[in-house]
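This is input-v8.txt. It holds compact mmCIF, C-alpha atoms.
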```txt
# COMPACT_ATOMS: atom_id res chain seq x y z
CA MET A 16 55.32 -55.66 30.14
CA GLU A 17 54.33 -55.85 26.52
CA LYS A 18 50.83 -54.64 27.38
CA ILE A 19 52.24 -51.64 29.22
CA SER A 20 54.47 -50.79 26.26
CA VAL A 21 51.56 -51.02 23.84
CA LEU A 22 49.39 -48.90 26.13
CA ALA A 23 52.16 -46.33 26.55
CA LEU A 24 52.71 -46.21 22.81
CA ALA A 25 48.96 -45.82 22.13
CA PHE A 26 48.71 -43.13 24.82
CA GLY A 27 51.67 -41.30 23.27
CA ILE A 28 50.06 -41.37 19.82
CA VAL A 29 46.81 -39.99 21.22
CA LEU A 30 48.61 -37.23 23.10
CA SER A 31 50.72 -36.26 20.09
CA GLY A 32 47.51 -35.65 18.15
CA CYS A 33 46.37 -33.23 20.85
CA GLY A 34 48.94 -30.53 20.12
CA THR A 35 48.67 -26.97 21.31
CA THR A 36 47.26 -25.55 18.07
CA PRO A 37 44.28 -23.31 18.87
CA VAL A 38 40.95 -24.45 17.51
CA SER A 39 39.02 -22.00 15.34
CA ASN A 40 35.31 -22.22 14.69
CA THR A 41 35.48 -19.96 11.64
CA PRO A 42 35.38 -21.81 8.37
CA THR A 43 38.41 -21.54 6.14
CA PRO A 44 37.78 -19.84 2.82
CA ALA A 45 37.34 -22.16 -0.11
CA THR A 46 40.22 -22.16 -2.53
CA SER A 47 38.00 -23.07 -5.45
CA SER A 48 37.91 -20.59 -8.30
CA ALA A 49 34.27 -21.33 -9.07
CA PRO A 50 32.28 -18.17 -9.83
CA ALA A 51 29.77 -16.92 -7.31
CA PRO A 52 26.22 -17.91 -8.19
CA ALA A 53 24.34 -15.28 -10.19
CA PRO A 54 21.42 -13.58 -8.49
CA GLU A 55 18.16 -15.35 -9.17
CA GLN A 56 16.50 -14.01 -12.32
CA LYS A 57 12.81 -13.31 -12.11
CA ALA A 58 10.74 -14.77 -14.92
CA MET A 59 7.42 -13.51 -16.15
CA SER A 60 4.58 -16.01 -15.89
CA ALA A 61 2.65 -17.05 -18.99
CA GLU A 62 -0.28 -14.95 -17.72
CA GLU A 63 1.94 -11.86 -17.40
CA VAL A 64 3.40 -12.38 -20.89
CA SER A 65 -0.14 -12.61 -22.24
CA ARG A 66 -1.12 -9.46 -20.34
CA PHE A 67 1.96 -7.71 -21.78
CA LYS A 68 0.82 -8.63 -25.31
CA GLU A 69 -2.55 -7.01 -24.61
CA TYR A 70 -0.99 -3.97 -22.91
CA ALA A 71 1.72 -3.13 -25.48
CA PRO A 72 -0.55 -1.88 -28.31
CA ASN A 73 -1.88 0.77 -25.88
CA LEU A 74 1.54 2.36 -25.39
CA LYS A 75 2.13 5.85 -26.79
CA GLY A 76 2.63 5.41 -30.52
CA GLY A 77 0.89 2.03 -30.36
CA PRO A 78 -0.28 2.08 -33.99
CA PHE A 79 3.40 2.17 -35.05
CA ILE A 80 4.44 -0.86 -32.98
CA THR A 81 5.34 -3.80 -35.20
CA GLU A 82 7.03 -5.87 -32.49
CA ALA A 83 6.22 -6.27 -28.80
CA GLU A 84 7.81 -9.41 -27.40
CA ILE A 85 9.10 -10.82 -24.14
CA VAL A 86 12.51 -12.47 -24.55
CA ASN A 87 14.64 -14.30 -21.97
CA GLN A 88 11.52 -14.51 -19.77
CA ASN A 89 12.00 -10.97 -18.39
CA GLU A 90 13.00 -8.55 -21.18
CA ALA A 91 10.61 -6.54 -23.34
CA VAL A 92 11.50 -5.71 -26.92
CA ILE A 93 9.42 -2.99 -28.57
CA THR A 94 9.87 -1.81 -32.16
CA TYR A 95 8.16 1.26 -33.59
CA ALA A 96 8.31 1.07 -37.39
CA ASP A 97 8.80 3.90 -39.85
CA PHE A 98 5.92 4.48 -42.25
CA ALA A 99 7.19 2.18 -45.04
CA ALA A 100 7.82 -0.73 -42.66
CA LEU A 101 4.47 -0.08 -40.97
CA LYS A 102 2.58 -0.35 -44.27
CA LYS A 103 4.43 -3.59 -45.04
CA ALA A 104 3.74 -5.10 -41.59
CA LYS A 105 0.18 -3.76 -41.30
CA PRO A 106 -1.16 -3.21 -44.83
CA GLU A 107 -4.69 -2.75 -43.46
CA THR A 108 -3.71 0.42 -41.58
CA GLY A 109 -5.54 3.51 -42.75
CA MET A 110 -2.67 5.73 -41.65
CA THR A 111 -1.09 7.99 -44.22
CA GLU A 112 2.52 9.12 -44.38
CA ALA A 113 1.37 12.61 -43.38
CA ASP A 114 -0.40 11.14 -40.33
CA ALA A 115 2.80 9.42 -39.28
CA LYS A 116 4.88 12.55 -39.73
CA ASN A 117 2.39 14.67 -37.81
CA TYR A 118 2.20 12.17 -34.96
CA TRP A 119 5.94 11.90 -34.32
CA GLU A 120 6.77 15.54 -34.95
CA SER A 121 4.11 17.05 -32.70
CA GLY A 122 5.36 18.02 -29.26
CA ASP A 123 8.00 15.59 -28.10
CA ALA A 124 6.19 12.36 -28.97
CA ILE A 125 9.45 10.53 -29.75
CA ASN A 126 10.86 11.38 -26.31
CA LYS A 127 7.62 10.31 -24.63
CA ALA A 128 7.68 6.92 -26.35
CA LEU A 129 11.37 6.36 -25.55
CA MET A 130 11.27 7.52 -21.93
CA GLU A 131 7.81 7.24 -20.42
CA GLU A 132 6.68 3.97 -21.94
CA PRO A 133 9.67 1.83 -20.85
CA ILE A 134 9.29 3.21 -17.32
CA ARG A 135 5.55 2.47 -17.36
CA LEU A 136 6.27 -1.10 -18.49
CA LEU A 137 8.73 -1.62 -15.62
CA LYS A 138 6.12 -0.30 -13.19
CA GLU A 139 3.27 -2.36 -14.63
CA PHE A 140 5.20 -5.65 -14.84
CA PRO A 141 7.31 -6.19 -11.69
CA GLU A 142 9.06 -9.29 -13.09
CA LEU A 143 10.21 -7.34 -16.16
CA GLN A 144 13.90 -6.54 -15.72
CA LYS A 145 14.87 -4.86 -19.00
CA VAL A 146 13.20 -2.92 -21.81
CA ARG A 147 14.68 -2.43 -25.28
CA VAL A 148 12.98 0.05 -27.60
CA THR A 149 13.74 0.90 -31.21
CA LEU A 150 11.87 3.78 -32.82
CA ASN A 151 12.31 4.53 -36.51
CA HIS A 152 11.32 8.00 -37.68
CA GLY A 153 13.88 9.88 -39.73
CA LYS A 154 16.59 8.42 -37.51
CA LYS A 155 16.84 5.11 -35.69
CA TYR A 156 16.47 5.74 -31.95
CA THR A 157 17.39 2.97 -29.54
CA THR A 158 17.35 2.58 -25.79
CA GLU A 159 17.97 -0.34 -23.50
CA ILE A 160 17.23 0.19 -19.84
CA ASP A 161 17.15 -2.13 -16.88
CA ARG A 162 15.09 -1.90 -13.72
CA ALA A 163 18.00 -1.23 -11.33
CA THR A 164 19.40 1.62 -13.43
CA ILE A 165 16.03 3.34 -13.82
CA GLU A 166 15.09 2.92 -10.17
CA ASP A 167 18.44 4.46 -9.24
CA TYR A 168 17.88 7.31 -11.74
CA LEU A 169 14.36 8.02 -10.43
CA LYS A 170 15.28 7.25 -6.79
CA ILE A 171 12.19 5.08 -6.42
CA ASN A 172 11.09 1.45 -6.32
CA LEU A 173 8.78 1.07 -9.33
CA ALA A 174 7.03 -2.02 -7.93
CA GLU A 175 5.86 0.11 -4.98
CA THR A 176 4.37 2.71 -7.32
CA LYS A 177 2.15 0.10 -8.99
CA ALA A 178 0.13 -0.27 -5.79
CA ASP A 179 0.42 3.37 -4.73
CA LYS A 180 -1.06 5.56 -7.49
CA ASP A 181 -0.36 8.79 -5.57
CA LYS A 182 3.29 7.87 -5.21
CA TRP A 183 3.48 7.10 -8.96
CA ARG A 184 1.85 10.40 -9.87
CA ASN A 185 3.74 12.58 -7.37
CA GLU A 186 7.20 11.01 -7.44
CA VAL A 187 7.45 9.93 -11.07
CA VAL A 188 4.87 11.47 -13.42
CA ASN A 189 4.79 15.01 -12.00
CA LYS A 190 8.54 15.06 -11.38
CA PHE A 191 10.01 13.35 -14.45
CA PHE A 192 7.38 13.26 -17.20
CA THR A 193 8.02 16.86 -18.26
CA LYS A 194 9.51 18.08 -21.52
CA GLU A 195 12.73 19.19 -19.78
CA GLU A 196 13.21 15.94 -17.83
CA ARG A 197 12.45 13.85 -20.93
CA ALA A 198 15.17 15.75 -22.82
CA LYS A 199 17.70 15.01 -20.03
CA TYR A 200 16.71 11.35 -19.99
CA ILE A 201 16.98 11.04 -23.80
CA LYS A 202 20.48 12.54 -23.70
CA LYS A 203 21.54 10.01 -21.07
CA PHE A 204 19.79 6.79 -22.21
CA VAL A 205 18.96 7.03 -25.96
CA LYS A 206 21.18 6.62 -29.02
CA ALA A 207 20.19 8.15 -32.36
CA GLU A 208 21.73 7.01 -35.64
```
Take the structure in the file and write it out as structure tokens.
Amino acid sequence: MEKISVLALAFGIVLSGCGTTPVSNTPTPATSSAPAPAPEQKAMSAEEVSRFKEYAPNLKGGPFITEAEIVNQNEAVITYADFAALKKAKPETGMTEADAKNYWESGDAINKALMEEPIRLLKEFPELQKVRVTLNHGKKYTTEIDRATIEDYLKINLAETKADKDKWRNEVVNKFFTKEERAKYIKKFVKAE
């Protein structure tokens, strides 16, 4: 009789655990307040950083560049110096103050350096995610753009234009690298102090 009682009791315990609650295969949301992981940041390889160092002096206004660095493994920092700072940083330069004035004040050279060159850098270096430019000539001009913002502004994937020269020329250069479009861009993305 004892065995039957023990078996009945064990059977009752098993059955009580088999209630009528429906089983769901969907996972319950975690109640942890841990932040979502950040998207993976792309980093420039040592070879690409080296190539950037060789490429930067060839940007528009290259003789005025006193800083061209990659920081945080995917951000370019470019500084165009005013004439006094240029002479201090590069005393061997044969440039005169009149040369500097003529260069920056002819056409819209400032707008070209602040708009076209950051976009070219983002096209040329696919791992580059941000470009910060400071240009000193009369005023201090600064811009800081990131890849996603510029691609949205241009409505194009810049990495695709690196391989497709026609696409680059037709959908970026011919469309946006005009005096009028540069002026719009400068108004939107550049600060002058």
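Counting all atoms listed in the file, the residue from A:Glu63, A:Glu69, A:Asp123, A:Asp179 that sits nearest to Ala83 of chain A is A:Glu69.
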Across A:Glu112, A:Leu136, A:Leu173, A:Pro106, the smallest distance to Arg66 of chain A, with all atoms listed in the file counted, is shown by A:Leu136
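Between atom CA of Ala128 of chain A and atom CA of Leu74 of chain A lies a distance of 7.7 Å.
Between Asn126 of chain A and the residues A:Val86, A:Ile165, A:Leu150, A:Leu143, the shortest atom-to-atom distance, using all atoms listed in the file, involves A:Leu150.
Each of A:Glu132, A:Glu107, A:Asp114, A:Glu175 was compared to Ile160 of chain A using only C-alpha atoms, and A:Glu132 turns out to be the nearest.
Take atom CA of Thr149 of chain A and atom CA of Pro72 of chain A: the distance between them is 14.8 Å.
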A:Val187, A:Ala115, A:Val205, A:Ala91: which is nearest Lys145 of chain A, counting only C-alpha atoms? A:Ala91
Please tell me which residues are no farther than 12 Å from (10.1, -11.1, -27.2) in the file, counting only C-alpha atoms, and write them as an mmCIF file with C-alpha atoms, in the frame of the given file.
```cif
data_model
loop_
_atom_site.group_PDB
_atom_site.id
_atom_site.type_symbol
_atom_site.label_atom_id
_atom_site.label_comp_id
_atom_site.auth_asym_id
_atom_site.auth_seq_id
_atom_site.Cartn_x
_atom_site.Cartn_y
_atom_site.Cartn_z
ATOM 1 C CA MET A 59 7.420 -13.510 -16.150
ATOM 2 C CA VAL A 64 3.400 -12.380 -20.890
ATOM 3 C CA SER A 65 -0.140 -12.610 -22.240
ATOM 4 C CA PHE A 67 1.960 -7.710 -21.780
ATOM 5 C CA LYS A 68 0.820 -8.630 -25.310
ATOM 6 C CA ALA A 71 1.720 -3.130 -25.480
ATOM 7 C CA THR A 81 5.340 -3.800 -35.200
ATOM 8 C CA GLU A 82 7.030 -5.870 -32.490
ATOM 9 C CA ALA A 83 6.220 -6.270 -28.800
ATOM 10 C CA GLU A 84 7.810 -9.410 -27.400
ATOM 11 C CA ILE A 85 9.100 -10.820 -24.140
ATOM 12 C CA VAL A 86 12.510 -12.470 -24.550
ATOM 13 C CA ASN A 87 14.640 -14.300 -21.970
ATOM 14 C CA GLN A 88 11.520 -14.510 -19.770
ATOM 15 C CA ASN A 89 12.000 -10.970 -18.390
ATOM 16 C CA GLU A 90 13.000 -8.550 -21.180
ATOM 17 C CA ALA A 91 10.610 -6.540 -23.340
ATOM 18 C CA VAL A 92 11.500 -5.710 -26.920
ATOM 19 C CA ILE A 93 9.420 -2.990 -28.570
ATOM 20 C CA THR A 94 9.870 -1.810 -32.160
ATOM 21 C CA LEU A 143 10.210 -7.340 -16.160
ATOM 22 C CA LYS A 145 14.870 -4.860 -19.000
ATOM 23 C CA VAL A 146 13.200 -2.920 -21.810
ATOM 24 C CA ARG A 147 14.680 -2.430 -25.280
ATOM 25 C CA VAL A 148 12.980 0.050 -27.600
#
```
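Closest approach to Lys199 of chain A among A:Lys155, A:Ala100, A:Lys75, A:Met130 is made by A:Met130 (distances from only C-alpha atoms).
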I want to know what sits within 12 Å of Lys105 of chain A, based on all atoms listed in the file, with residues of the same chain fewer than 5 positions away left out; could you give that as a PyMOL selection string? chain A and resi 78-82+96-100+110
What does the structure give for the distance between atom CA of Ser60 of chain A and atom CA of Lys138 of chain A, in Å to one decimal? 16.0 Å
Within 10 Å of Ile125 of chain A using all atoms listed in the file, minus same-chain residues under 5 positions, as a PyMOL selection string: chain A and resi 75-76+118-120+130+150-152+156+197+201
Neighbouring residues of Glu131 of chain A were defined as those with any atom within 7 Å, considering all atoms listed in the file; residues of the same chain fewer than 4 positions away were excluded. Please report them as a PDB file with C-alpha atoms, in the coordinates of the input.
```pdb
ATOM      1  CA  LYS A 127       7.620  10.310 -24.630  1.00  0.00           C
ATOM      2  CA  ARG A 135       5.550   2.470 -17.360  1.00  0.00           C
ATOM      3  CA  PHE A 192       7.380  13.260 -17.200  1.00  0.00           C
TER       4      PHE A 192
END
```
